[in-house]
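**Q** Sharing model_4.txt (compact mmCIF, N, CA and C atoms) below.
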```
# COMPACT_ATOMS: atom_id res chain seq x y z
N MET M 1 9.27 20.64 -17.59
CA MET M 1 8.49 21.48 -16.71
C MET M 1 9.36 22.64 -16.25
N ASN M 2 8.74 23.80 -16.14
CA ASN M 2 9.53 24.95 -15.70
C ASN M 2 9.69 24.95 -14.18
N LYS M 3 10.55 25.84 -13.70
CA LYS M 3 10.90 25.87 -12.28
C LYS M 3 9.70 26.18 -11.39
N THR M 4 8.84 27.11 -11.81
CA THR M 4 7.68 27.49 -11.01
C THR M 4 6.73 26.31 -10.83
N ILE M 5 6.44 25.62 -11.92
CA ILE M 5 5.55 24.46 -11.86
C ILE M 5 6.17 23.36 -11.00
N THR M 6 7.47 23.15 -11.16
CA THR M 6 8.17 22.13 -10.38
C THR M 6 8.08 22.45 -8.89
N GLU M 7 8.28 23.70 -8.51
CA GLU M 7 8.19 24.10 -7.11
C GLU M 7 6.78 23.89 -6.56
N LYS M 8 5.77 24.22 -7.35
CA LYS M 8 4.38 24.02 -6.92
C LYS M 8 4.10 22.52 -6.74
N LEU M 9 4.59 21.73 -7.67
CA LEU M 9 4.39 20.28 -7.59
C LEU M 9 5.04 19.72 -6.33
N LEU M 10 6.28 20.11 -6.08
CA LEU M 10 6.99 19.61 -4.91
C LEU M 10 6.30 20.03 -3.62
N LYS M 11 5.75 21.23 -3.60
CA LYS M 11 5.03 21.71 -2.42
C LYS M 11 3.79 20.84 -2.16
N LYS M 12 3.06 20.52 -3.23
CA LYS M 12 1.86 19.69 -3.07
C LYS M 12 2.24 18.28 -2.60
N LEU M 13 3.33 17.75 -3.12
CA LEU M 13 3.78 16.42 -2.70
C LEU M 13 4.22 16.44 -1.25
N ALA M 14 4.87 17.51 -0.83
CA ALA M 14 5.31 17.63 0.56
C ALA M 14 4.14 17.77 1.52
N HIS M 15 2.98 18.16 0.99
CA HIS M 15 1.77 18.23 1.81
C HIS M 15 0.97 16.92 1.77
N GLY M 16 1.53 15.91 1.11
CA GLY M 16 0.94 14.58 1.17
C GLY M 16 0.05 14.18 0.00
N LEU M 17 -0.05 15.04 -1.01
CA LEU M 17 -0.89 14.66 -2.15
C LEU M 17 -0.22 13.57 -2.97
N PRO M 18 -0.99 12.63 -3.48
CA PRO M 18 -0.43 11.64 -4.42
C PRO M 18 0.04 12.34 -5.70
N ILE M 19 0.99 11.76 -6.37
CA ILE M 19 1.58 12.37 -7.56
C ILE M 19 0.52 12.68 -8.62
N LYS M 20 -0.33 11.71 -8.93
CA LYS M 20 -1.33 11.94 -9.98
C LYS M 20 -2.29 13.07 -9.61
N THR M 21 -2.63 13.17 -8.34
CA THR M 21 -3.53 14.25 -7.89
C THR M 21 -2.84 15.59 -8.02
N ALA M 22 -1.59 15.67 -7.57
CA ALA M 22 -0.83 16.92 -7.68
C ALA M 22 -0.69 17.34 -9.14
N CYS M 23 -0.41 16.39 -10.00
CA CYS M 23 -0.29 16.70 -11.44
C CYS M 23 -1.61 17.23 -11.99
N ALA M 24 -2.70 16.59 -11.63
CA ALA M 24 -4.01 17.02 -12.12
C ALA M 24 -4.34 18.43 -11.66
N LEU M 25 -4.05 18.74 -10.41
CA LEU M 25 -4.34 20.07 -9.89
C LEU M 25 -3.52 21.16 -10.61
N LEU M 26 -2.32 20.78 -11.01
CA LEU M 26 -1.45 21.74 -11.71
C LEU M 26 -1.57 21.64 -13.23
N ARG M 27 -2.50 20.80 -13.68
CA ARG M 27 -2.73 20.59 -15.11
C ARG M 27 -1.47 20.10 -15.84
N ILE M 28 -0.77 19.19 -15.18
CA ILE M 28 0.41 18.55 -15.77
C ILE M 28 -0.02 17.18 -16.24
N ASP M 29 0.18 16.88 -17.48
CA ASP M 29 -0.11 15.54 -17.99
C ASP M 29 0.83 14.55 -17.30
N TYR M 30 0.27 13.46 -16.79
CA TYR M 30 1.09 12.51 -16.04
C TYR M 30 2.23 11.96 -16.89
N SER M 31 2.02 11.78 -18.18
CA SER M 31 3.09 11.25 -19.03
C SER M 31 4.28 12.23 -19.08
N ILE M 32 3.99 13.52 -19.01
CA ILE M 32 5.08 14.52 -18.98
C ILE M 32 5.82 14.42 -17.65
N PHE M 33 5.06 14.31 -16.56
CA PHE M 33 5.69 14.13 -15.26
C PHE M 33 6.58 12.90 -15.28
N TYR M 34 6.05 11.77 -15.75
CA TYR M 34 6.78 10.51 -15.72
C TYR M 34 8.06 10.59 -16.55
N LYS M 35 7.96 11.24 -17.70
CA LYS M 35 9.14 11.40 -18.56
C LYS M 35 10.21 12.20 -17.83
N GLU M 36 9.81 13.28 -17.19
CA GLU M 36 10.76 14.12 -16.44
C GLU M 36 11.35 13.33 -15.27
N TYR M 37 10.50 12.57 -14.60
CA TYR M 37 10.94 11.79 -13.45
C TYR M 37 11.97 10.73 -13.85
N THR M 38 11.76 10.09 -14.98
CA THR M 38 12.68 9.03 -15.41
C THR M 38 13.94 9.56 -16.07
N ASN M 39 13.87 10.76 -16.63
CA ASN M 39 15.02 11.29 -17.37
C ASN M 39 15.84 12.32 -16.60
N ASN M 40 15.32 12.82 -15.49
CA ASN M 40 16.01 13.88 -14.75
C ASN M 40 16.21 13.40 -13.32
N LYS M 41 17.42 12.93 -13.04
CA LYS M 41 17.71 12.33 -11.74
C LYS M 41 17.49 13.33 -10.59
N GLU M 42 17.87 14.58 -10.78
CA GLU M 42 17.70 15.59 -9.74
C GLU M 42 16.21 15.82 -9.43
N PHE M 43 15.41 15.88 -10.49
CA PHE M 43 13.96 16.02 -10.32
C PHE M 43 13.39 14.82 -9.57
N ALA M 44 13.82 13.63 -9.94
CA ALA M 44 13.34 12.41 -9.29
C ALA M 44 13.69 12.42 -7.80
N LEU M 45 14.90 12.84 -7.47
CA LEU M 45 15.30 12.92 -6.07
C LEU M 45 14.46 13.95 -5.31
N ASP M 46 14.18 15.08 -5.95
CA ASP M 46 13.35 16.11 -5.32
C ASP M 46 11.92 15.59 -5.07
N VAL M 47 11.37 14.88 -6.03
CA VAL M 47 10.03 14.30 -5.89
C VAL M 47 10.01 13.28 -4.76
N ASP M 48 10.99 12.40 -4.74
CA ASP M 48 11.05 11.38 -3.69
C ASP M 48 11.22 12.03 -2.31
N GLN M 49 12.04 13.07 -2.24
CA GLN M 49 12.24 13.75 -0.96
C GLN M 49 10.95 14.43 -0.49
N ALA M 50 10.26 15.10 -1.40
CA ALA M 50 9.01 15.77 -1.03
C ALA M 50 7.98 14.76 -0.53
N SER M 51 7.87 13.63 -1.20
CA SER M 51 6.93 12.59 -0.76
C SER M 51 7.35 12.02 0.59
N ALA M 52 8.65 11.85 0.80
CA ALA M 52 9.15 11.34 2.08
C ALA M 52 8.89 12.34 3.21
N LEU M 53 8.99 13.63 2.92
CA LEU M 53 8.71 14.64 3.93
C LEU M 53 7.27 14.55 4.41
N ALA M 54 6.36 14.35 3.48
CA ALA M 54 4.95 14.21 3.85
C ALA M 54 4.76 13.00 4.75
N LEU M 55 5.37 11.90 4.39
CA LEU M 55 5.26 10.68 5.20
C LEU M 55 5.87 10.90 6.58
N GLU M 56 6.99 11.60 6.62
CA GLU M 56 7.64 11.89 7.91
C GLU M 56 6.72 12.70 8.82
N GLN M 57 6.03 13.68 8.25
CA GLN M 57 5.11 14.50 9.04
C GLN M 57 3.96 13.66 9.60
N ILE M 58 3.44 12.78 8.78
CA ILE M 58 2.33 11.92 9.22
C ILE M 58 2.80 10.99 10.33
N ILE M 59 3.97 10.39 10.16
CA ILE M 59 4.48 9.47 11.17
C ILE M 59 4.79 10.22 12.46
N SER M 60 5.36 11.41 12.36
CA SER M 60 5.64 12.22 13.56
C SER M 60 4.35 12.53 14.30
N SER M 61 3.33 12.90 13.56
CA SER M 61 2.03 13.18 14.17
C SER M 61 1.47 11.93 14.82
N LEU M 62 1.61 10.81 14.15
CA LEU M 62 1.12 9.55 14.70
C LEU M 62 1.82 9.22 16.01
N PHE M 63 3.14 9.40 16.06
CA PHE M 63 3.86 9.13 17.30
C PHE M 63 3.43 10.07 18.42
N SER M 64 3.19 11.32 18.07
CA SER M 64 2.71 12.26 19.09
C SER M 64 1.37 11.83 19.65
N ASP M 65 0.46 11.45 18.75
CA ASP M 65 -0.86 10.99 19.18
C ASP M 65 -0.78 9.67 19.93
N ALA M 66 0.16 8.81 19.52
CA ALA M 66 0.27 7.49 20.13
C ALA M 66 0.72 7.59 21.58
N SER M 67 1.49 8.62 21.91
CA SER M 67 1.95 8.74 23.29
C SER M 67 0.80 9.03 24.24
N SER M 68 -0.30 9.57 23.71
CA SER M 68 -1.45 9.85 24.56
C SER M 68 -2.60 8.86 24.35
N SER M 69 -2.46 7.99 23.37
CA SER M 69 -3.53 7.03 23.09
C SER M 69 -2.94 5.65 22.82
N GLY M 70 -3.17 4.75 23.75
CA GLY M 70 -2.68 3.39 23.56
C GLY M 70 -3.30 2.71 22.35
N LYS M 71 -4.54 3.06 22.02
CA LYS M 71 -5.21 2.45 20.88
C LYS M 71 -4.50 2.80 19.57
N ILE M 72 -4.13 4.06 19.42
CA ILE M 72 -3.42 4.48 18.21
C ILE M 72 -2.08 3.76 18.13
N ALA M 73 -1.37 3.71 19.25
CA ALA M 73 -0.07 3.03 19.26
C ALA M 73 -0.21 1.56 18.88
N LEU M 74 -1.22 0.90 19.42
CA LEU M 74 -1.43 -0.52 19.12
C LEU M 74 -1.78 -0.73 17.65
N GLU M 75 -2.63 0.12 17.09
CA GLU M 75 -2.99 0.00 15.68
C GLU M 75 -1.75 0.17 14.80
N TYR M 76 -0.90 1.13 15.15
CA TYR M 76 0.34 1.34 14.40
C TYR M 76 1.21 0.09 14.46
N LEU M 77 1.39 -0.45 15.65
CA LEU M 77 2.23 -1.64 15.80
C LEU M 77 1.65 -2.84 15.05
N LYS M 78 0.33 -2.99 15.05
CA LYS M 78 -0.30 -4.09 14.32
C LYS M 78 -0.01 -4.01 12.83
N LYS M 79 0.00 -2.80 12.30
CA LYS M 79 0.26 -2.63 10.86
C LYS M 79 1.75 -2.72 10.56
N ARG M 80 2.57 -2.12 11.42
CA ARG M 80 4.00 -2.03 11.18
C ARG M 80 4.72 -3.35 11.43
N ASP M 81 4.28 -4.08 12.46
CA ASP M 81 4.94 -5.32 12.86
C ASP M 81 3.89 -6.37 13.19
N ALA M 82 3.15 -6.77 12.17
CA ALA M 82 2.02 -7.68 12.35
C ALA M 82 2.43 -9.01 12.98
N GLU M 83 3.61 -9.47 12.67
CA GLU M 83 4.06 -10.75 13.19
C GLU M 83 4.08 -10.76 14.71
N ASN M 84 4.44 -9.64 15.31
CA ASN M 84 4.56 -9.58 16.76
C ASN M 84 3.37 -8.95 17.47
N TRP M 85 2.56 -8.16 16.75
CA TRP M 85 1.54 -7.39 17.45
C TRP M 85 0.10 -7.67 17.02
N SER M 86 -0.09 -8.35 15.93
CA SER M 86 -1.47 -8.57 15.50
C SER M 86 -2.09 -9.76 16.21
N ASP M 87 -3.38 -9.86 16.09
CA ASP M 87 -4.13 -10.95 16.69
C ASP M 87 -3.96 -12.18 15.79
N HIS M 88 -3.08 -13.09 16.18
CA HIS M 88 -2.76 -14.25 15.34
C HIS M 88 -3.96 -15.15 15.10
N GLU M 89 -4.80 -15.32 16.12
CA GLU M 89 -5.98 -16.16 15.94
C GLU M 89 -6.92 -15.56 14.91
N LYS M 90 -7.07 -14.25 14.95
CA LYS M 90 -7.95 -13.57 13.98
C LYS M 90 -7.36 -13.71 12.57
N ARG M 91 -6.04 -13.54 12.43
CA ARG M 91 -5.41 -13.69 11.11
C ARG M 91 -5.61 -15.09 10.57
N GLU M 92 -5.47 -16.10 11.44
CA GLU M 92 -5.65 -17.49 11.02
C GLU M 92 -7.11 -17.74 10.62
N LEU M 93 -8.05 -17.19 11.36
CA LEU M 93 -9.46 -17.33 11.04
C LEU M 93 -9.76 -16.72 9.67
N ILE M 94 -9.22 -15.54 9.42
CA ILE M 94 -9.43 -14.89 8.12
C ILE M 94 -8.83 -15.73 7.00
N ARG M 95 -7.62 -16.26 7.21
CA ARG M 95 -6.99 -17.12 6.20
C ARG M 95 -7.87 -18.34 5.91
N ASN M 96 -8.40 -18.95 6.95
CA ASN M 96 -9.25 -20.13 6.77
C ASN M 96 -10.53 -19.77 6.02
N GLN M 97 -11.12 -18.63 6.33
CA GLN M 97 -12.32 -18.19 5.63
C GLN M 97 -12.01 -17.93 4.15
N GLU M 98 -10.88 -17.31 3.89
CA GLU M 98 -10.50 -17.06 2.49
C GLU M 98 -10.27 -18.37 1.75
N ARG M 99 -9.62 -19.31 2.41
CA ARG M 99 -9.36 -20.62 1.80
C ARG M 99 -10.67 -21.33 1.47
N GLU M 100 -11.61 -21.32 2.40
CA GLU M 100 -12.91 -21.95 2.17
C GLU M 100 -13.68 -21.28 1.04
N TYR M 101 -13.60 -19.97 0.98
CA TYR M 101 -14.27 -19.22 -0.08
C TYR M 101 -13.70 -19.60 -1.44
N LEU M 102 -12.37 -19.66 -1.54
CA LEU M 102 -11.74 -20.03 -2.81
C LEU M 102 -12.09 -21.46 -3.22
N LEU M 103 -12.09 -22.36 -2.25
CA LEU M 103 -12.46 -23.74 -2.56
C LEU M 103 -13.91 -23.83 -3.05
N GLN M 104 -14.78 -23.06 -2.44
CA GLN M 104 -16.19 -23.05 -2.88
C GLN M 104 -16.30 -22.52 -4.30
N LEU M 105 -15.54 -21.49 -4.61
CA LEU M 105 -15.55 -20.95 -5.99
C LEU M 105 -15.09 -22.01 -6.98
N LEU M 106 -14.02 -22.71 -6.63
CA LEU M 106 -13.53 -23.77 -7.51
C LEU M 106 -14.56 -24.89 -7.64
N ARG M 107 -15.12 -25.29 -6.51
CA ARG M 107 -16.12 -26.37 -6.51
C ARG M 107 -17.31 -26.02 -7.40
N ASP M 108 -17.73 -24.76 -7.34
CA ASP M 108 -18.90 -24.33 -8.11
C ASP M 108 -18.61 -24.15 -9.60
N SER M 109 -17.36 -23.92 -9.95
CA SER M 109 -17.07 -23.57 -11.34
C SER M 109 -16.38 -24.69 -12.14
N LEU M 110 -15.95 -25.74 -11.47
CA LEU M 110 -15.24 -26.82 -12.18
C LEU M 110 -16.02 -28.12 -12.12
N PRO M 111 -15.79 -28.98 -13.11
CA PRO M 111 -16.36 -30.33 -13.01
C PRO M 111 -15.81 -31.02 -11.76
N ASN M 112 -16.60 -31.89 -11.19
CA ASN M 112 -16.25 -32.52 -9.92
C ASN M 112 -14.89 -33.22 -9.96
N ASN M 113 -14.60 -33.99 -11.02
CA ASN M 113 -13.33 -34.73 -11.07
C ASN M 113 -12.13 -33.77 -11.16
N THR M 114 -12.30 -32.65 -11.86
CA THR M 114 -11.22 -31.66 -11.95
C THR M 114 -10.99 -31.01 -10.58
N PHE M 115 -12.08 -30.68 -9.92
CA PHE M 115 -11.98 -30.09 -8.59
C PHE M 115 -11.26 -31.04 -7.63
N ILE M 116 -11.59 -32.31 -7.67
CA ILE M 116 -10.96 -33.30 -6.78
C ILE M 116 -9.47 -33.40 -7.08
N GLN M 117 -9.10 -33.37 -8.35
CA GLN M 117 -7.67 -33.44 -8.72
C GLN M 117 -6.92 -32.21 -8.18
N ILE M 118 -7.51 -31.06 -8.33
CA ILE M 118 -6.88 -29.83 -7.83
C ILE M 118 -6.76 -29.89 -6.32
N LEU M 119 -7.80 -30.35 -5.65
CA LEU M 119 -7.79 -30.45 -4.20
C LEU M 119 -6.68 -31.40 -3.73
N GLN M 120 -6.49 -32.52 -4.44
CA GLN M 120 -5.44 -33.47 -4.08
C GLN M 120 -4.06 -32.84 -4.26
N ILE M 121 -3.87 -32.09 -5.34
CA ILE M 121 -2.59 -31.41 -5.58
C ILE M 121 -2.32 -30.39 -4.48
N LEU M 122 -3.33 -29.64 -4.11
CA LEU M 122 -3.18 -28.64 -3.05
C LEU M 122 -2.81 -29.31 -1.72
N GLU M 123 -3.49 -30.39 -1.40
CA GLU M 123 -3.22 -31.09 -0.15
C GLU M 123 -1.82 -31.67 -0.12
N GLU M 124 -1.35 -32.19 -1.25
CA GLU M 124 0.00 -32.77 -1.33
C GLU M 124 1.08 -31.69 -1.18
N ASN M 125 0.81 -30.51 -1.70
CA ASN M 125 1.85 -29.49 -1.76
C ASN M 125 1.78 -28.42 -0.68
N PHE M 126 0.63 -28.24 -0.05
CA PHE M 126 0.49 -27.12 0.87
C PHE M 126 0.05 -27.48 2.28
N ASP M 127 -0.12 -28.72 2.59
CA ASP M 127 -0.49 -29.08 3.97
C ASP M 127 0.71 -29.48 4.76
```
Can you give me the file's structure in the form of structure tokens?
**A**
Amino acid sequence: MNKTITEKLLKKLAHGLPIKTACALLRIDYSIFYKEYTNNKEFALDVDQASALALEQIISSLFSDASSSGKIALEYLKKRDAENWSDHEKRELIRNQEREYLLQLLRDSLPNNTFIQILQILEENFD
């Protein structure tokens, strides 16, 4: 890729566009981008830096907004540090619902004796 195209690509990445979207807008075949990214260390560093700059801007904006909105701050903390900030009862409820759904799928799709054997193995190993 020439210098002009590379600069345009880096600018789009720094504005938060995903790589494939930026490539499409600049009519760069993704395979050409990927080849350049894997073979040119300087280019790869520039791409990673541009993408990191976009993320930094978003996070900075989020922190600015969070200082005036407790809801935004809480949502960020729930995603960033779920172990300490998320609703543990809700997470457990969702896990139980997912477990029941998977068991129902198995029950509906397997012969009864096979399902019982799988259930016994699961109980022995995961309870």
**Q** Would you pick out the contacts of range 7-18 of chain M at 12 Å or less, using only C-alpha atoms, so that residues sharing its chain but fewer than 5 positions from it are not included, and give the list as a PyMOL selection string?
**A** chain M and resi 1-2+23-28+30+33+43-59
**Q** Calculate, to one decimal in Å, the centre and edge lengths of the box along x, y and z of the file that holds all listed atoms of range 18-25 of chain M with 5 Å of margin on each side, and present them as AutoDock Vina command-line options.
**A**
```
--center_x -1.4 --center_y 16.4 --center_z -7.8 --size_x 15.9 --size_y 19.5 --size_z 18.6
```
**Q** Determine which residues of chain M receive a DSSP assignment of helix (DSSP H, G or I), computed from the backbone, and state them as number ranges by chain.
**A** M: 3-14, 19-25, 30-39, 41-66, 70-80, 82-85, 88-109, 112-126
**Q** Expressed in Å to a single decimal, how great is the separation between CA of Trp85 in chain M and CA of Ser64 in chain M?
**A**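 CA of Ser64 in chain M lies 19.8 Å from CA of Trp85 in chain M.
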**Q** Measure the distance from CA of Gln120 in chain M to CA of Gln97 in chain M in Å and round it to one decimal.
**A**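 A separation of 19.4 Å between them.
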**Q** To one decimal place in Å, what is the distance between atom C of Asn112 in chain M and CA of Arg95 in chain M?
**A**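 Rounded to one decimal, the two atoms are 24.1 Å apart.
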**Q** Find the residue from M:Ile5, M:Ile72, M:Tyr34, M:Glu83 that sits nearest to Lys20 in chain M; use only C-alpha atoms when measuring.
**A** M:Tyr34
